[in-house]
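The file target.cif contains mmCIF, C-alpha atoms and all ligand atoms:
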data_data
#
loop_
_atom_site.label_atom_id
_atom_site.label_comp_id
_atom_site.auth_asym_id
_atom_site.auth_seq_id
_atom_site.Cartn_x
_atom_site.Cartn_y
_atom_site.Cartn_z
CA MET A 23 158.69 -74.52 -58.66
CA GLU A 24 160.56 -77.75 -59.02
CA ALA A 25 158.87 -81.11 -59.49
CA THR A 26 160.58 -84.37 -58.57
CA LEU A 27 160.13 -88.12 -58.93
CA THR A 28 161.47 -90.64 -56.42
CA PHE A 29 161.31 -94.39 -57.01
CA TYR A 30 160.65 -96.56 -53.97
CA GLY A 31 160.15 -99.78 -55.93
CA ALA A 32 160.07 -101.30 -59.44
CA ALA A 33 163.56 -99.87 -60.02
CA GLY A 34 165.89 -102.59 -61.32
CA THR A 35 163.06 -105.09 -60.78
CA VAL A 36 159.44 -105.67 -61.81
CA THR A 37 157.66 -105.57 -58.45
CA GLY A 38 157.01 -103.12 -55.60
CA SER A 39 155.87 -100.22 -57.84
CA LYS A 40 155.85 -96.97 -55.84
CA THR A 41 156.71 -93.67 -57.53
CA LEU A 42 156.53 -90.49 -55.47
CA PHE A 43 155.70 -87.30 -57.39
CA GLU A 44 156.30 -84.01 -55.54
CA TYR A 45 155.30 -80.52 -56.62
CA ALA A 46 154.26 -77.30 -54.90
CA GLY A 47 154.37 -78.92 -51.48
CA LYS A 48 152.17 -81.86 -52.54
CA LYS A 49 153.18 -85.51 -52.37
CA VAL A 50 151.40 -87.94 -54.69
CA LEU A 51 152.24 -91.63 -54.79
CA ILE A 52 151.68 -93.42 -58.11
CA ASP A 53 150.97 -97.05 -57.21
CA CYS A 54 151.73 -98.68 -53.89
CA GLY A 55 152.79 -102.24 -54.64
CA LEU A 56 154.30 -105.17 -52.81
CA PHE A 57 157.70 -106.60 -53.59
CA GLN A 58 157.36 -110.25 -54.66
CA GLY A 59 159.60 -113.14 -55.70
CA LEU A 60 163.16 -113.36 -54.40
CA LYS A 61 163.62 -113.15 -50.63
CA ASN A 62 165.84 -110.04 -50.49
CA LEU A 63 163.09 -108.15 -52.33
CA ARG A 64 160.29 -109.47 -50.16
CA LEU A 65 162.18 -108.39 -47.03
CA GLN A 66 161.90 -104.77 -48.22
CA ASN A 67 158.13 -104.96 -47.62
CA TRP A 68 158.90 -105.10 -43.90
CA ALA A 69 161.03 -101.93 -43.72
CA ASP A 70 159.36 -98.68 -42.66
CA PHE A 71 158.17 -96.65 -45.62
CA PRO A 72 161.02 -94.19 -46.40
CA ILE A 73 158.83 -91.11 -45.89
CA LYS A 74 156.11 -90.39 -43.37
CA ALA A 75 152.96 -92.06 -44.67
CA SER A 76 150.75 -89.33 -43.20
CA ALA A 77 152.64 -86.73 -45.28
CA ILE A 78 151.42 -88.30 -48.55
CA ASP A 79 148.44 -86.35 -49.91
CA ALA A 80 147.02 -88.91 -52.36
CA VAL A 81 147.68 -92.22 -54.11
CA ILE A 82 146.84 -92.83 -57.76
CA LEU A 83 146.46 -96.53 -58.51
CA THR A 84 147.10 -97.64 -62.11
CA HIS A 85 145.68 -101.16 -61.66
CA ALA A 86 144.86 -103.89 -59.17
CA HIS A 87 147.81 -106.29 -59.47
CA LEU A 88 149.38 -107.02 -56.07
CA ASP A 89 152.74 -105.57 -57.11
CA HIS A 90 150.95 -102.24 -57.71
CA CYS A 91 148.36 -102.14 -54.89
CA GLY A 92 149.52 -104.71 -52.32
CA TYR A 93 151.35 -102.30 -49.98
CA LEU A 94 148.34 -100.01 -49.46
CA PRO A 95 147.11 -101.59 -46.19
CA LYS A 96 150.57 -101.16 -44.68
CA LEU A 97 150.71 -97.52 -45.80
CA VAL A 98 147.33 -96.97 -44.15
CA ARG A 99 148.50 -98.69 -40.97
CA GLU A 100 151.50 -96.34 -40.96
CA GLY A 101 149.20 -93.31 -41.07
CA PHE A 102 148.14 -92.61 -44.66
CA SER A 103 144.54 -91.39 -44.74
CA GLY A 104 144.19 -89.59 -48.09
CA PRO A 105 142.22 -90.62 -51.17
CA ILE A 106 143.30 -93.58 -53.35
CA HIS A 107 142.19 -92.66 -56.88
CA CYS A 108 141.44 -95.45 -59.37
CA THR A 109 138.93 -96.70 -61.93
CA PRO A 110 135.75 -98.55 -60.78
CA PRO A 111 136.95 -102.04 -61.90
CA THR A 112 140.31 -101.41 -60.23
CA ALA A 113 138.53 -100.58 -56.97
CA ASP A 114 136.53 -103.84 -57.13
CA LEU A 115 139.55 -105.98 -58.05
CA THR A 116 141.73 -104.28 -55.41
CA LYS A 117 139.23 -105.33 -52.75
CA ILE A 118 139.48 -108.99 -53.84
CA ILE A 119 143.26 -108.93 -54.11
CA LEU A 120 143.94 -107.13 -50.81
CA GLU A 121 141.53 -109.31 -48.83
CA ASP A 122 143.19 -112.43 -50.21
CA SER A 123 146.66 -111.03 -49.55
CA ALA A 124 145.84 -110.17 -45.91
CA LYS A 125 144.36 -113.62 -45.37
CA ILE A 126 147.54 -115.25 -46.68
CA GLN A 127 149.70 -112.96 -44.49
CA GLU A 128 147.67 -113.85 -41.41
CA GLU A 129 147.74 -117.59 -42.19
CA GLU A 130 151.49 -117.57 -42.75
CA ALA A 131 152.18 -115.77 -39.47
CA ASP A 132 149.87 -118.21 -37.73
CA ARG A 133 151.63 -121.23 -39.23
CA ALA A 134 155.06 -119.82 -38.35
CA ASN A 135 153.96 -119.38 -34.74
CA ARG A 136 152.36 -122.81 -34.56
CA TYR A 137 155.31 -124.70 -35.97
CA GLY A 138 157.91 -122.41 -34.45
CA TYR A 139 159.80 -121.64 -37.66
CA THR A 140 160.34 -117.98 -36.88
CA SER A 141 163.41 -116.28 -35.47
CA HIS A 142 161.20 -113.61 -33.88
CA ALA A 143 159.43 -114.02 -30.57
CA GLU A 144 156.15 -113.88 -32.42
CA ALA A 145 155.60 -113.82 -36.20
CA LYS A 146 153.27 -111.01 -37.24
CA PRO A 147 151.48 -110.56 -40.56
CA LEU A 148 152.69 -107.69 -42.77
CA TYR A 149 149.11 -106.46 -42.47
CA THR A 150 145.76 -107.85 -41.43
CA VAL A 151 142.22 -108.16 -42.77
CA ASP A 152 141.38 -105.24 -40.43
CA ASN A 153 144.02 -103.07 -42.11
CA VAL A 154 142.37 -103.86 -45.45
CA LYS A 155 138.99 -102.84 -43.97
CA GLN A 156 140.50 -99.44 -43.10
CA THR A 157 141.96 -99.11 -46.62
CA LEU A 158 138.95 -99.89 -48.82
CA PRO A 159 136.86 -96.79 -47.87
CA LEU A 160 139.72 -94.59 -49.15
CA LEU A 161 139.27 -95.85 -52.74
CA VAL A 162 137.77 -93.12 -54.96
CA ARG A 163 136.41 -94.17 -58.35
CA HIS A 164 136.92 -92.21 -61.57
CA GLU A 165 135.99 -92.87 -65.17
CA PHE A 166 138.54 -92.58 -67.97
CA SER A 167 139.15 -89.00 -69.25
CA GLU A 168 137.74 -87.43 -66.08
CA TRP A 169 139.95 -84.61 -64.80
CA VAL A 170 140.62 -84.94 -61.08
CA LEU A 171 141.97 -81.87 -59.26
CA LEU A 172 144.53 -82.59 -56.54
CA ASP A 173 145.00 -78.86 -55.93
CA ASN A 174 145.10 -75.66 -58.00
CA GLU A 175 148.37 -76.67 -59.62
CA ILE A 176 148.00 -80.45 -60.06
CA LYS A 177 145.35 -82.45 -61.87
CA PHE A 178 145.24 -85.80 -63.62
CA GLN A 179 143.11 -88.01 -65.81
CA MET A 180 143.29 -91.72 -66.57
CA HIS A 181 143.16 -93.53 -69.93
CA ASN A 182 142.98 -97.14 -71.03
CA ALA A 183 146.27 -99.04 -70.59
CA GLY A 184 145.04 -102.37 -72.02
CA HIS A 185 146.87 -104.42 -69.36
CA ILE A 186 144.11 -105.88 -67.14
CA LEU A 187 140.49 -104.91 -66.49
CA GLY A 188 140.38 -101.28 -65.30
CA SER A 189 144.10 -100.67 -65.86
CA ALA A 190 145.00 -97.05 -66.52
CA LEU A 191 147.65 -94.75 -67.90
CA VAL A 192 147.91 -91.61 -65.77
CA GLU A 193 148.26 -88.21 -67.46
CA LEU A 194 149.21 -85.72 -64.76
CA LYS A 195 149.45 -81.97 -65.29
CA PHE A 196 151.49 -79.81 -62.93
CA GLY A 197 151.70 -76.07 -63.67
CA GLU A 198 152.22 -75.89 -67.43
CA GLN A 199 153.81 -79.33 -67.75
CA THR A 200 152.60 -82.90 -68.23
CA ILE A 201 153.93 -86.28 -67.16
CA VAL A 202 152.42 -89.60 -68.27
CA PHE A 203 152.81 -92.79 -66.21
CA THR A 204 152.18 -96.11 -67.98
CA GLY A 205 151.62 -98.28 -64.92
CA ASP A 206 151.80 -101.60 -66.75
CA LEU A 207 151.33 -101.20 -70.49
CA GLY A 208 149.25 -103.79 -72.36
CA THR A 209 149.92 -105.29 -75.76
CA TYR A 210 148.35 -104.05 -79.01
CA HIS A 211 146.31 -107.28 -79.21
CA PRO A 212 144.78 -107.80 -75.78
CA LEU A 213 142.17 -110.56 -75.84
CA LEU A 214 139.45 -108.93 -73.77
CA LEU A 215 140.41 -105.25 -73.70
CA ASN A 216 141.10 -102.37 -76.02
CA PRO A 217 144.76 -101.64 -76.81
CA PRO A 218 146.52 -98.84 -74.89
CA LYS A 219 145.31 -95.33 -75.70
CA HIS A 220 147.57 -93.11 -77.75
CA LEU A 221 148.37 -89.76 -76.15
CA LYS A 222 149.82 -86.87 -78.09
CA ARG A 223 151.89 -84.76 -75.73
CA ALA A 224 153.97 -85.22 -72.61
CA ASP A 225 156.96 -83.33 -71.25
CA TYR A 226 157.92 -86.45 -69.33
CA ILE A 227 156.97 -90.10 -69.60
CA GLU A 228 157.51 -92.86 -67.11
CA THR A 229 157.34 -96.24 -68.85
CA GLU A 230 157.50 -99.80 -67.66
CA SER A 231 160.03 -102.12 -69.36
CA THR A 232 159.13 -105.69 -68.29
CA TYR A 233 159.71 -106.94 -71.85
CA GLY A 234 161.92 -104.01 -72.87
CA ASP A 235 164.44 -106.38 -74.48
CA ARG A 236 162.06 -109.03 -75.87
CA LEU A 237 159.39 -109.70 -78.45
CA HIS A 238 156.43 -111.98 -77.84
CA PRO A 239 156.37 -115.09 -80.03
CA GLU A 240 153.94 -115.11 -82.92
CA ARG A 241 152.09 -118.22 -81.73
CA GLU A 242 148.39 -117.76 -81.13
CA ALA A 243 147.16 -118.62 -77.66
CA ILE A 244 143.96 -120.17 -79.03
CA GLU A 245 145.98 -122.66 -81.09
CA GLU A 246 148.09 -123.62 -78.09
CA LEU A 247 145.03 -124.10 -75.95
CA LYS A 248 143.30 -126.19 -78.63
CA GLU A 249 146.32 -128.47 -78.90
CA ALA A 250 146.44 -128.94 -75.13
CA VAL A 251 142.73 -129.81 -74.96
CA LEU A 252 143.00 -132.27 -77.88
CA LYS A 253 146.06 -133.88 -76.32
CA ALA A 254 144.28 -134.36 -73.00
CA ASP A 255 141.21 -135.68 -74.83
CA SER A 256 143.22 -138.19 -76.86
CA LYS A 257 144.53 -139.63 -73.58
CA ASN A 258 141.10 -139.48 -71.95
CA GLY A 259 142.80 -137.62 -69.13
CA VAL A 260 142.53 -134.49 -67.04
CA LEU A 261 143.83 -131.11 -68.22
CA ILE A 262 145.00 -128.96 -65.32
CA ILE A 263 145.63 -125.26 -65.95
CA PRO A 264 147.24 -123.38 -63.01
CA THR A 265 145.59 -120.01 -63.38
CA PHE A 266 146.14 -116.40 -62.34
CA ALA A 267 142.79 -115.24 -60.96
CA VAL A 268 142.54 -111.83 -62.61
CA GLU A 269 142.40 -111.63 -66.40
CA ARG A 270 144.20 -114.88 -67.23
CA ALA A 271 141.37 -117.07 -65.91
CA GLN A 272 138.82 -115.02 -67.89
CA GLU A 273 141.00 -115.11 -71.03
CA ILE A 274 141.22 -118.89 -70.91
CA ILE A 275 137.49 -119.28 -70.27
CA TYR A 276 136.85 -116.98 -73.24
CA LEU A 277 139.18 -118.97 -75.54
CA LEU A 278 137.66 -122.29 -74.45
CA THR A 279 134.20 -120.88 -75.20
CA LEU A 280 135.32 -119.81 -78.69
CA LEU A 281 136.83 -123.24 -79.37
CA LYS A 282 133.66 -124.93 -78.22
CA TYR A 283 131.39 -122.73 -80.35
CA GLN A 284 133.52 -123.47 -83.40
CA ASP A 285 133.39 -127.18 -82.65
CA LEU A 286 137.18 -127.29 -82.53
CA ILE A 287 137.26 -129.12 -79.20
CA PRO A 288 135.01 -131.88 -77.88
CA GLU A 289 132.47 -131.44 -75.08
CA ILE A 290 134.54 -131.65 -71.91
CA PRO A 291 133.38 -130.08 -68.64
CA VAL A 292 135.37 -127.00 -67.60
CA PHE A 293 135.69 -126.23 -63.88
CA LEU A 294 136.90 -122.98 -62.37
CA ASP A 295 138.09 -123.95 -58.90
CA SER A 296 139.46 -120.63 -57.69
CA PRO A 297 137.41 -118.44 -55.33
CA MET A 298 139.46 -115.41 -56.39
CA GLY A 299 139.05 -116.32 -60.06
CA ALA A 300 135.28 -116.61 -59.58
CA ASN A 301 135.15 -113.20 -57.84
CA ALA A 302 137.25 -111.59 -60.55
CA THR A 303 134.93 -113.07 -63.20
CA GLU A 304 132.05 -111.43 -61.32
CA VAL A 305 133.83 -108.06 -61.64
CA PHE A 306 133.95 -108.61 -65.43
CA LEU A 307 130.20 -109.23 -65.38
CA ASN A 308 129.60 -106.07 -63.32
CA HIS A 309 131.62 -103.80 -65.65
CA PRO A 310 130.55 -104.73 -69.19
CA GLY A 311 131.66 -101.36 -70.59
CA TRP A 312 135.26 -101.90 -69.53
CA HIS A 313 136.12 -104.87 -71.76
CA THR A 314 135.43 -105.88 -75.33
CA LEU A 315 133.31 -108.93 -74.47
CA GLY A 316 130.10 -107.03 -73.85
CA GLU A 317 127.43 -108.12 -71.42
CA LYS A 318 125.86 -110.90 -73.51
CA ARG A 319 129.06 -112.72 -74.41
CA CYS A 320 130.36 -112.32 -70.89
CA LYS A 321 127.25 -114.05 -69.51
CA GLU A 322 127.40 -116.77 -72.19
CA MET A 323 131.01 -117.41 -71.34
CA CYS A 324 130.09 -117.95 -67.70
CA HIS A 325 127.43 -120.48 -68.69
CA ASN A 326 130.09 -122.62 -70.29
CA ILE A 327 132.01 -123.19 -67.09
CA ILE A 328 131.18 -124.73 -63.77
CA ILE A 329 132.25 -122.46 -60.95
CA VAL A 330 133.17 -124.64 -58.00
CA LYS A 331 131.21 -123.41 -55.00
CA ASP A 332 132.70 -125.15 -51.99
CA ILE A 333 135.31 -127.58 -50.71
CA GLN A 334 132.83 -130.49 -50.89
CA GLN A 335 132.30 -129.99 -54.63
CA SER A 336 136.02 -129.44 -55.06
CA LYS A 337 136.76 -132.79 -53.41
CA SER A 338 134.36 -134.74 -55.57
CA ILE A 339 135.89 -133.26 -58.76
CA LEU A 340 139.36 -133.92 -57.41
CA ASN A 341 138.79 -137.56 -56.80
CA SER A 342 137.28 -138.44 -60.14
CA ASN A 343 139.44 -139.45 -63.10
CA SER A 344 136.89 -138.59 -65.77
CA PRO A 345 138.11 -136.26 -68.54
CA LYS A 346 137.82 -132.61 -67.57
CA ILE A 347 139.52 -129.24 -67.75
CA VAL A 348 140.31 -127.63 -64.40
CA LEU A 349 141.39 -124.04 -63.90
CA ALA A 350 142.71 -123.51 -60.38
CA GLY A 351 145.02 -121.08 -58.59
CA SER A 352 147.72 -120.26 -58.11
CA GLY A 353 149.17 -119.46 -61.51
CA MET A 354 152.75 -120.33 -60.59
CA VAL A 355 151.78 -123.39 -58.51
CA SER A 356 153.16 -121.73 -55.37
CA GLY A 357 149.99 -122.55 -53.41
CA GLY A 358 146.23 -122.74 -53.69
CA ARG A 359 143.82 -125.43 -54.80
CA VAL A 360 145.81 -126.41 -57.87
CA LEU A 361 148.15 -128.31 -55.55
CA HIS A 362 145.33 -130.71 -54.59
CA TYR A 363 144.66 -131.48 -58.26
CA LEU A 364 148.33 -132.02 -58.94
CA ALA A 365 148.65 -134.25 -55.88
CA ASN A 366 145.96 -136.51 -57.36
CA HIS A 367 146.92 -136.40 -61.01
CA ILE A 368 150.53 -135.35 -61.65
CA SER A 369 151.90 -138.88 -61.40
CA ASN A 370 149.45 -140.10 -64.02
CA PRO A 371 150.80 -140.08 -67.62
CA GLU A 372 147.27 -139.45 -68.91
CA THR A 373 147.27 -136.00 -67.25
CA THR A 374 148.23 -132.81 -69.10
CA VAL A 375 149.34 -129.65 -67.28
CA LEU A 376 149.22 -126.36 -69.18
CA LEU A 377 151.34 -123.54 -67.73
CA ALA A 378 149.53 -120.43 -68.92
CA GLY A 379 151.80 -117.58 -67.96
CA PHE A 380 155.15 -116.34 -66.75
CA GLN A 381 156.69 -118.71 -64.17
CA ALA A 382 159.03 -116.84 -61.82
CA GLU A 383 162.30 -118.16 -60.49
CA GLY A 384 161.90 -120.20 -57.33
CA THR A 385 158.30 -121.32 -58.02
CA ARG A 386 157.03 -124.88 -58.61
CA GLY A 387 155.67 -123.68 -61.96
CA ARG A 388 159.23 -122.87 -63.04
CA GLN A 389 160.40 -126.32 -61.90
CA LEU A 390 157.69 -127.99 -63.95
CA GLN A 391 158.53 -125.82 -66.92
CA GLU A 392 162.16 -126.92 -66.62
CA GLY A 393 161.15 -130.59 -66.70
CA VAL A 394 161.83 -131.86 -63.14
CA HIS A 395 161.00 -135.54 -62.69
CA GLU A 396 159.63 -135.08 -59.19
CA ILE A 397 158.17 -132.20 -57.24
CA LYS A 398 157.53 -131.57 -53.56
CA PHE A 399 154.40 -130.26 -51.91
CA PHE A 400 152.33 -131.09 -48.83
CA GLY A 401 155.56 -132.51 -47.36
CA GLN A 402 155.78 -135.24 -50.03
CA TRP A 403 157.58 -135.90 -53.28
CA HIS A 404 155.37 -136.58 -56.31
CA SER A 405 156.82 -138.07 -59.46
CA VAL A 406 155.98 -136.00 -62.53
CA LYS A 407 154.51 -138.32 -65.17
CA ALA A 408 152.00 -135.82 -66.56
CA GLU A 409 152.75 -134.04 -69.81
CA ILE A 410 153.75 -130.42 -69.14
CA ILE A 411 153.04 -127.79 -71.80
CA GLN A 412 153.76 -124.04 -71.70
CA THR A 413 151.74 -121.43 -73.60
CA ALA A 414 153.64 -118.55 -75.09
CA GLY A 415 150.77 -116.65 -76.66
CA LEU A 416 149.23 -115.00 -73.59
CA SER A 417 150.85 -111.92 -72.13
CA ALA A 418 149.41 -108.89 -70.40
CA HIS A 419 152.55 -106.81 -70.96
CA ALA A 420 153.65 -104.85 -74.00
CA ASP A 421 156.80 -106.24 -75.64
CA GLN A 422 159.59 -104.05 -76.99
CA ASN A 423 157.74 -103.35 -80.25
CA ASP A 424 154.56 -102.43 -78.39
CA ILE A 425 156.36 -100.03 -76.04
CA MET A 426 158.19 -98.39 -78.96
CA LYS A 427 154.97 -98.09 -80.97
CA TRP A 428 153.18 -96.49 -78.02
CA LEU A 429 156.06 -94.08 -77.26
CA GLY A 430 156.30 -93.26 -80.98
CA GLN A 431 152.78 -91.72 -80.96
CA PHE A 432 153.86 -88.73 -78.88
CA ASP A 433 154.95 -85.59 -80.69
CA LYS A 434 158.69 -85.09 -80.39
CA THR A 435 158.60 -82.54 -77.56
CA THR A 436 159.15 -85.03 -74.71
CA LYS A 437 162.15 -83.96 -72.62
CA LYS A 438 162.85 -87.23 -70.88
CA VAL A 439 161.58 -90.80 -70.55
CA PHE A 440 162.01 -92.47 -67.16
CA ILE A 441 162.33 -96.25 -67.50
CA ASN A 442 161.23 -98.38 -64.55
CA HIS A 443 159.58 -101.76 -63.86
CA GLY A 444 162.13 -104.02 -65.57
CA GLU A 445 165.16 -106.21 -64.92
CA PRO A 446 168.32 -104.18 -65.66
CA MET A 447 168.92 -105.88 -69.04
CA ALA A 448 165.39 -105.14 -70.23
CA SER A 449 165.47 -101.49 -69.09
CA HIS A 450 168.88 -100.75 -70.62
CA SER A 451 167.99 -102.39 -73.95
CA LEU A 452 164.88 -100.21 -74.09
CA LYS A 453 166.97 -97.11 -73.32
CA LEU A 454 169.22 -97.82 -76.34
CA LYS A 455 166.21 -98.41 -78.58
CA ILE A 456 164.55 -95.15 -77.45
CA LYS A 457 167.73 -93.23 -78.29
CA ASP A 458 168.23 -94.95 -81.66
CA VAL A 459 164.68 -94.89 -82.95
CA LEU A 460 163.07 -91.87 -81.29
CA ASN A 461 166.16 -89.84 -80.43
CA LEU A 462 164.76 -89.15 -76.95
CA GLU A 463 166.72 -88.79 -73.77
CA SER A 464 165.90 -91.45 -71.20
CA GLN A 465 166.90 -92.52 -67.73
CA VAL A 466 166.88 -96.02 -66.24
CA VAL A 467 165.76 -95.21 -62.70
CA GLU A 468 167.42 -96.34 -59.50
CA SER A 469 165.74 -97.25 -56.26
CA GLY A 470 165.53 -94.43 -53.71
CA THR A 471 166.94 -91.83 -56.12
CA THR A 472 165.19 -88.50 -56.66
CA TYR A 473 165.07 -87.07 -60.21
CA SER A 474 164.13 -83.52 -60.94
CA LEU A 475 161.73 -82.46 -63.69
CA GLU A 476 163.22 -79.07 -64.60
ZN ZN A 501 150.28 -105.56 -63.73
#
Any chance you could give the structure as structure tokens?
Amino acid sequence: MEATLTFYGAAGTVTGSKTLFEYAGKKVLIDCGLFQGLKNLRLQNWADFPIKASAIDAVILTHAHLDHCGYLPKLVREGFSGPIHCTPPTADLTKIILEDSAKIQEEEADRANRYGYTSHAEAKPLYTVDNVKQTLPLLVRHEFSEWVLLDNEIKFQMHNAGHILGSALVELKFGEQTIVFTGDLGTYHPLLLNPPKHLKRADYIETESTYGDRLHPEREAIEELKEAVLKADSKNGVLIIPTFAVERAQEIIYLLTLLKYQDLIPEIPVFLDSPMGANATEVFLNHPGWHTLGEKRCKEMCHNIIIVKDIQQSKSILNSNSPKIVLAGSGMVSGGRVLHYLANHISNPETTVLLAGFQAEGTRGRQLQEGVHEIKFFGQWHSVKAEIIQTAGLSAHADQNDIMKWLGQFDKTTKKVFINHGEPMASHSLKLKIKDVLNLESQVVESGTTYSLE
């Protein structure tokens, strides 16, 4: 019996992860993500799924990032009704992320219809909150190292990937063979998680390659954060940190708590003004066994921040100039409450803005990173007088050394490594490295192409 892999996303790019595994008449989709970023990619979300959604038997979800789970409600609307297997934290985070995504889709369609900037008769959301409601009951929770039978010939188990809370590597057995999918692979020094699990054997491996051609800088995130806080304090100003809601917000809260306990930063109030960030923090509290913080430290950490409850509280914080640290979404300044803070404070030289993550092309975060002197939002130009700082020390993705170290733990029986989830440069550099160092055959995958596992 032949097994095949077909890549319907994250081939030549880092978003839209969807890998179809077929064997013995079964179709299993590994991840079901949205395309994000550049417009020609985003348009692909609107095309019909290339195969009949109702013909897919099951989905295995590696983690809750939108580019891995964000297409699920559309797949369900198109007729998928099978189980979506994932870890318990992934199920909880997926709920938060999909509900937010559907809300944004509905609001955007609404705005397009109201202001008439659509070429269609009526703009429709990619999917709705109702579609998400139909999707969530399909989530099936599994612990790490629990074998899940998909039929007599196919079973899988999940292991820690060290990328975000609940993220998993998938070890799938079909007949006598094994394939391992990385999903997104974490670094060997994640702040709040354990590093990725080492597995011994795999006939095939599918690996991501986001940083396949790069190494993370040696700078420590805690040092960078300390400097930013001290800088803001010396100016008696506001420190604004545009924040990704899942993992990054919790990492920063954790680091701020450490700095405070060690008396390395002064007493400044810290506000988390991100409903999604607050919900994701709750998921950390509800799953103490899934991160390295433990229950006690996790609770302590939450006592050190003020979670903004409503718009009224948000407004009063916004309008005051007293020194404070504000974490607010979105992480790349493309929307969310952080815009209100920037509107009030970005033209003030006493303000400091800390960009705490990757800033994609075409986002306001990238513009700020590149040093623009003015920036547009809410229909107005704002002059940028605030000091802009970028952290380099926080990353949820393995760099080239991490990927090579993780691949190097397998015995040398692997027949082929499939490289996905990377820009072409990153994937091809990794391919060369895999050949040179491990002497393994590998394949940089192409979108829509089917590869056979002989
Ligand atoms: Zn991810």
Using only C-alpha atoms and all ligand atoms, find each residue with an atom at most 8 Å away from ligand ZN 501 (chain A) and format the answer as a PDB file with C-alpha atoms, keeping the file's coordinate frame.
ATOM      1  CA  HIS A  85     145.680-101.160 -61.660  1.00  0.00           C
ATOM      2  CA  ALA A  86     144.860-103.890 -59.170  1.00  0.00           C
ATOM      3  CA  HIS A  87     147.810-106.290 -59.470  1.00  0.00           C
ATOM      4  CA  LEU A  88     149.380-107.020 -56.070  1.00  0.00           C
ATOM      5  CA  ASP A  89     152.740-105.570 -57.110  1.00  0.00           C
ATOM      6  CA  HIS A  90     150.950-102.240 -57.710  1.00  0.00           C
ATOM      7  CA  HIS A 185     146.870-104.420 -69.360  1.00  0.00           C
ATOM      8  CA  ILE A 186     144.110-105.880 -67.140  1.00  0.00           C
ATOM      9  CA  GLY A 205     151.620 -98.280 -64.920  1.00  0.00           C
ATOM     10  CA  ASP A 206     151.800-101.600 -66.750  1.00  0.00           C
ATOM     11  CA  ALA A 418     149.410-108.890 -70.400  1.00  0.00           C
ATOM     12  CA  HIS A 419     152.550-106.810 -70.960  1.00  0.00           C
TER      13      HIS A 419
END
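Straight-line separation from CA of Thr200 in chain A to CA of Tyr226 in chain A: 6.5 Å.
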With distances taken over all atoms listed in the file, the candidate from A:Val251, A:Ala365, A:Ala75, A:Ala33 nearest Arg99 in chain A is A:Ala75
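Residue neighbourhood of range 188-190 of chain A, excluding near-sequence residues (fewer than 5 positions): Thr84, His85, Thr109, Pro111, Thr112, Met180, His181, Asn182, Ala183, Gly205 and Trp312 of chain A, at 7 Å, using all atoms listed in the file.
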Selection near His238 in chain A, 10 Å with only C-alpha atoms, sequence-local residues under 4 positions removed, as a short mmCIF file (atom, residue, chain, number, x, y, z; two decimals) with C-alpha atoms, keeping the file's coordinate frame:
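Output file selection_10.cif is given in full below:
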data_model
loop_
_atom_site.label_atom_id
_atom_site.label_comp_id
_atom_site.auth_asym_id
_atom_site.auth_seq_id
_atom_site.Cartn_x
_atom_site.Cartn_y
_atom_site.Cartn_z
CA THR A 209 149.92 -105.29 -75.76
CA TYR A 233 159.71 -106.94 -71.85
CA ALA A 414 153.64 -118.55 -75.09
CA GLY A 415 150.77 -116.65 -76.66
CA LEU A 416 149.23 -115.00 -73.59
CA SER A 417 150.85 -111.92 -72.13
CA HIS A 419 152.55 -106.81 -70.96
CA ALA A 420 153.65 -104.85 -74.00
CA ASP A 421 156.80 -106.24 -75.64
CA GLN A 422 159.59 -104.05 -76.99
CA ASN A 423 157.74 -103.35 -80.25
CA ASP A 424 154.56 -102.43 -78.39
#
Range 291-295 of chain A surroundings by only C-alpha atoms, 8 Å radius, close-in-sequence under 5 positions cut, as a VMD selection string = chain A and resid 300 326 to 331 336 345 to 351 359
Which residue of A:Ile441, A:Met426, A:Leu120, A:Ala378 approaches Ile411 in chain A most closely, using all atoms listed in the file = A:Ala378
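Proximity ranking of A:Leu221, A:Ala113, A:Leu148, A:Cys54 relative to Cys91 in chain A places A:Cys54 first, based on all atoms listed in the file.
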One decimal place gives the CA of Leu454 in chain A-CA of Phe380 in chain A separation as 25.2 Å
The distance between CA of Ala145 in chain A and CA of Trp68 in chain A is 12.1 Å
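For the set A:Pro95, A:Pro264, A:Pro72, A:Gly197, the residue with the smallest atom-to-atom gap to Thr28 in chain A is A:Pro72, counting all atoms listed in the file.
Checking A:Tyr283, A:Phe432, A:Tyr276, A:Phe203 one by one against Ile227 in chain A, counting all atoms listed in the file, you find the shortest gap at A:Phe203.
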Test item: residues at most 12 Å from Pro288 in chain A, all atoms listed in the file, excluding those fewer than 6 positions along its chain, as an mmCIF file with C-alpha atoms, in the coordinates of the input:
data_model
loop_
_atom_site.group_PDB
_atom_site.id
_atom_site.type_symbol
_atom_site.label_atom_id
_atom_site.label_comp_id
_atom_site.auth_asym_id
_atom_site.auth_seq_id
_atom_site.Cartn_x
_atom_site.Cartn_y
_atom_site.Cartn_z
ATOM 1 C CA LYS A 248 143.300 -126.190 -78.630
ATOM 2 C CA GLU A 249 146.320 -128.470 -78.900
ATOM 3 C CA VAL A 251 142.730 -129.810 -74.960
ATOM 4 C CA LEU A 252 143.000 -132.270 -77.880
ATOM 5 C CA LYS A 253 146.060 -133.880 -76.320
ATOM 6 C CA ALA A 254 144.280 -134.360 -73.000
ATOM 7 C CA ASP A 255 141.210 -135.680 -74.830
ATOM 8 C CA SER A 256 143.220 -138.190 -76.860
ATOM 9 C CA ASN A 258 141.100 -139.480 -71.950
ATOM 10 C CA LEU A 278 137.660 -122.290 -74.450
ATOM 11 C CA THR A 279 134.200 -120.880 -75.200
ATOM 12 C CA LEU A 281 136.830 -123.240 -79.370
ATOM 13 C CA LYS A 282 133.660 -124.930 -78.220
ATOM 14 C CA PRO A 345 138.110 -136.260 -68.540
ATOM 15 C CA LYS A 346 137.820 -132.610 -67.570
ATOM 16 C CA ILE A 347 139.520 -129.240 -67.750
#
